[in-house]
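Just below is one structure, and these are the notes that go with it.
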Amino acid sequence: MSAATPAAAASQSVLDVTDFSVEFRTRAGIVRALDRVAFSVGRGETMALVGESGSGKSVTAYALLGLLDAAGRITGGSARLEGTELTSASPAALSAIRGKRAAMIFQNPRAALNPIRNVGKQIGDVLRRHAGLGARAAAAEAIEMLRAVGIPDPARRAGAYPFELSGGMCQRVMIAIAVATRPALLIADEPTTGLDVTTQAVVMDIMGRLAAETGMATILITHDLALAAERSGRIAVMHAGHIVEDAPTKTLLLYPRHPYTRRLLAATPTAAGNLADLRSIPGNLPDLRRDDLPPCRFAARCDRRLPACEAPMQWRELEPHHRVACWNPA
Amino acid sequence: MRGLLLRLAGSLPALVAVIIVTFVLTRVLPGDTATYFAGPTASAESIAQIRAELGLDRPLPEQFWSYVQALVHGDLGMSLTTGQPVLTDILARLPASAELTLCGLLIGMAIAIPLGIIAAVRQGSLADHACRVIVTAGVSLPVFFTGLLLVYVFYFLLGWSPAPLGRLDAFASPPPAVTGFYLIDAALIGDWETWRGAAAQLILPAVTLGLFALAPIARITRASMLAVLGAEFIRTARASGLSSRTLILTYALRNALLPVVTTLGMVFSFLLGANVLVEKVFAWPGIGSYAVEALIASDGAPVQGFVLTMAILYILLNLAIDLVNRALDPRARHT
């Protein structure tokens, strides 16, 4: 995947990631969690990052925002947010960017909020840090943010603690915290996992509306292809720390080219499909601690493997905005 | 408020149990009060006469009944060693013990909580190792030993502190009693000379207790802080770019303090126990040394009074901790 030129690298791009690699030093060896990941997200665009558990979706988000724990290290590549290089930024510079230009929301919203601080203050904390507001102005703006994410009676709810709110309400509060400073980029890590279906739709609607209003770019991290299909303009598929395919959502769903993407789609239930037709993906993710990882990390599980697959992986742009990292695309 | 009253009511059975157990214990313990007070040369007749005077010859249930009746009227009985009502003795000596214990606890907290925070935030650093050494030392050194060591070093060798003989120098007079805490009473009337004298007497025994209290507080603070720092809401706060000051003090520490506050109650009760020895070492006129002297003299009423006072203190302490927890944790207010 050298010489990566992300397909959608428009002039309007908010985030440009190229050759982004991350390693974790563990007792059992070095885990090559991300290998030359490349993508870009444009203004107002929603890109879904999909893949099975452990494929490196969340690690990508954490590494971009400098939230890796001590064992994790960015070993190469570049990530530019509105022109600012994130990989070489100091911890202080990153902390000034986090929550201001790039924000993140998480799954399990109730645990992701401070249990003993009322939600108005938690939103206010971000505003005081990044928008330079005083305590009173921050409290007033926090109520406006609660209104913006559709929480009824926001002035009263600002004094509520997370345990007094439902999961869906907590996720709205999370969104309010994340978008309070009108960031250019919002990373949503499995934002609807654990919420019931109607709440999921409401939460996704709120995120979509705010993105449309402010021109915020969104990275939607999910293992749920149906959600990605419904809510994103573009999908990047991750497998074992590689992005293997990246295409507009419709194209990817109708004409998947990477064998892994095809497998992933075949393993996703649809309304029209028959349950008996669902296919599990054979094999497991490769052990990322191995020193002799093959160039294509899907090769061992792939039924279209060729001798050519031993060659270093390269991006192939099959048509405009549709690229795949495979020597033998379907 | 209703919850608090319920809690108070819930501790009544414990209080009843304490009354029964201390009564039985003081009757069962070896040593005969009448013999002790009659003196070594007393005849069997005079011992019997003293026993009858004290009511010790009546059957146990009858003795217990009159004890409870007196108790209801706030009468804890007479101390045979001091010749005073036990209640008067305890009320006179309790402030000395309370001042010492509170100062010890404050010294322990002032060192242990910051130490635990730093040890957790900078895991594996020098501060973390120092924390481990201090915790181990604090657990393994008995208070009478640290007390004697401090007296040896700071009084005998260095001469920095006054003789370990009570709350004030023998020639100084105590400040007029308002709270019974010399430091507060002296400060109230602006008598800084007495304040300094009282502080100089207090510092070594308080440090001795502080060192003892330090270990459990530091250990819980560190563990609780580590647990909180790994929590999901801390990740959210970091993702929001909050300053490390806000992150550690407002987000992590306030949450980490909840188990620490609960531990403080336990530590305080340990301190009440440790007090007995420290008061002996420093000739501190508190209720701990009072109880020990009474116990040695087989003087039942003061011992019963002491244990009962401790039980009431402990109940009040737990109530106070409940209140602090309610103030810190909105979830506790709802249960």
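Order determines the names: the first chain of the structure tokens is A, the second B, and so forth; residues in each chain are numbered 1 upward, and ligands are numbered 1 upward as they are shown.
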Taking only C-alpha atoms into account and nothing else, which residues of chain A lie no more than 6 Å away from chain B? Please answer as a PyMOL selection string. chain A and resi 95-96+98-99+111-114+116
Which of range 20-214 of chain B DSSP labels helix (DSSP H, G or I), written as a ChimeraX atom specification: /B:20-28,33-38,44-54,60-72,86-121,126-140,143-157,182-188,192-214
For CA of Arg25 in chain A and CA of Leu65 in chain A, the interatomic separation in Å (one decimal):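 Pair CA of Arg25 in chain A / CA of Leu65 in chain A returns 19.1 Å.
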Which polymer residues have any atom within 12 Å of an atom of Glu319 in chain A, counting only C-alpha atoms, with same-chain residues fewer than 4 positions away left out, as a list in words? Ala7, Ala8, Asp246, Ala247, Pro248, Thr251, Leu252, Tyr255, Arg257, Trp315, Arg323 and Val324 of chain A
For range 288-300 of chain B: contacts at 8 Å, only C-alpha atoms, fewer than 6 positions along chain excluded, given as a PyMOL selection string: chain B and resi 26-27+31-33+36+79-81+97+275-277+279-280+306
With a distance cut-off of 6 Å and only C-alpha atoms, select the neighbouring residues of range 222-236 of chain A, excluding the residue or stretch itself and same-chain residues fewer than 6 positions from it, and output the selection as a compact mmCIF listing (two decimals) with N, CA, C and O atoms, in the first residue's frame.
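Saved the output as out.txt:
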# COMPACT_ATOMS: atom_id res chain seq x y z
N THR A 46 -19.42 11.69 5.89
CA THR A 46 -19.40 10.65 6.90
C THR A 46 -18.76 9.41 6.31
O THR A 46 -19.25 8.86 5.33
N MET A 47 -17.62 9.03 6.89
CA MET A 47 -16.95 7.82 6.43
C MET A 47 -17.10 6.75 7.50
O MET A 47 -16.87 7.02 8.68
N ALA A 48 -17.51 5.57 7.08
CA ALA A 48 -17.61 4.47 8.03
C ALA A 48 -16.33 3.65 7.97
O ALA A 48 -15.82 3.38 6.89
N LEU A 49 -15.82 3.30 9.16
CA LEU A 49 -14.66 2.42 9.24
C LEU A 49 -15.22 1.10 9.78
O LEU A 49 -15.63 1.03 10.93
N VAL A 50 -15.27 0.07 8.92
CA VAL A 50 -15.88 -1.18 9.35
C VAL A 50 -14.85 -2.30 9.36
O VAL A 50 -13.81 -2.22 8.73
N GLY A 51 -15.19 -3.35 10.08
CA GLY A 51 -14.29 -4.49 10.19
C GLY A 51 -14.64 -5.26 11.43
O GLY A 51 -15.38 -4.77 12.27
N GLU A 52 -14.12 -6.50 11.53
CA GLU A 52 -14.48 -7.29 12.71
C GLU A 52 -13.70 -6.80 13.94
O GLU A 52 -12.80 -5.97 13.81
N GLU A 190 -18.40 3.14 17.70
CA GLU A 190 -19.55 2.29 18.04
C GLU A 190 -20.59 3.07 18.85
O GLU A 190 -20.97 2.65 19.96
N GLU A 245 -10.23 -2.06 1.51
CA GLU A 245 -11.05 -1.52 0.43
C GLU A 245 -11.70 -0.24 0.91
O GLU A 245 -12.05 -0.11 2.07
N ASP A 246 -11.85 0.69 -0.05
CA ASP A 246 -12.36 2.02 0.31
C ASP A 246 -13.15 2.51 -0.88
O ASP A 246 -12.60 2.69 -1.96
N ALA A 247 -14.46 2.70 -0.69
CA ALA A 247 -15.29 3.08 -1.84
C ALA A 247 -16.54 3.78 -1.33
O ALA A 247 -16.92 3.64 -0.18
N PRO A 248 -17.22 4.55 -2.24
CA PRO A 248 -18.52 5.10 -1.86
C PRO A 248 -19.44 3.98 -1.40
O PRO A 248 -19.37 2.86 -1.93
N THR A 249 -20.29 4.28 -0.45
CA THR A 249 -21.08 3.23 0.20
C THR A 249 -21.85 2.36 -0.80
O THR A 249 -21.79 1.12 -0.73
Taking into account only C-alpha atoms, which residue in the set A:Ala178, A:Val149, A:Ala102, A:Ala70 is nearest to Met204 in chain A?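 Comparing A:Ala178, A:Val149, A:Ala102, A:Ala70 against Met204 in chain A, the winner is A:Val149.
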Could you name the residues that touch range 287-290 of chain A at 6 Å or less, counting only C-alpha atoms, but leaving out those on the same chain fewer than 4 positions away, as a list of chain:residue names?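 Within the cut-off, the hits are A:Gly29, A:Ile30, A:Val31, A:Arg32.
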Can you pull out every residue within 9 Å of Met207 in chain A, counting only C-alpha atoms, but drop anything in the same chain fewer than 5 positions away, and send it as an NGL selection string? :A and (149 or 175 or 202 or 212 or 218)
Computed gap from CA of Leu71 in chain B to CA of Val307 in chain B is 13.5 Å
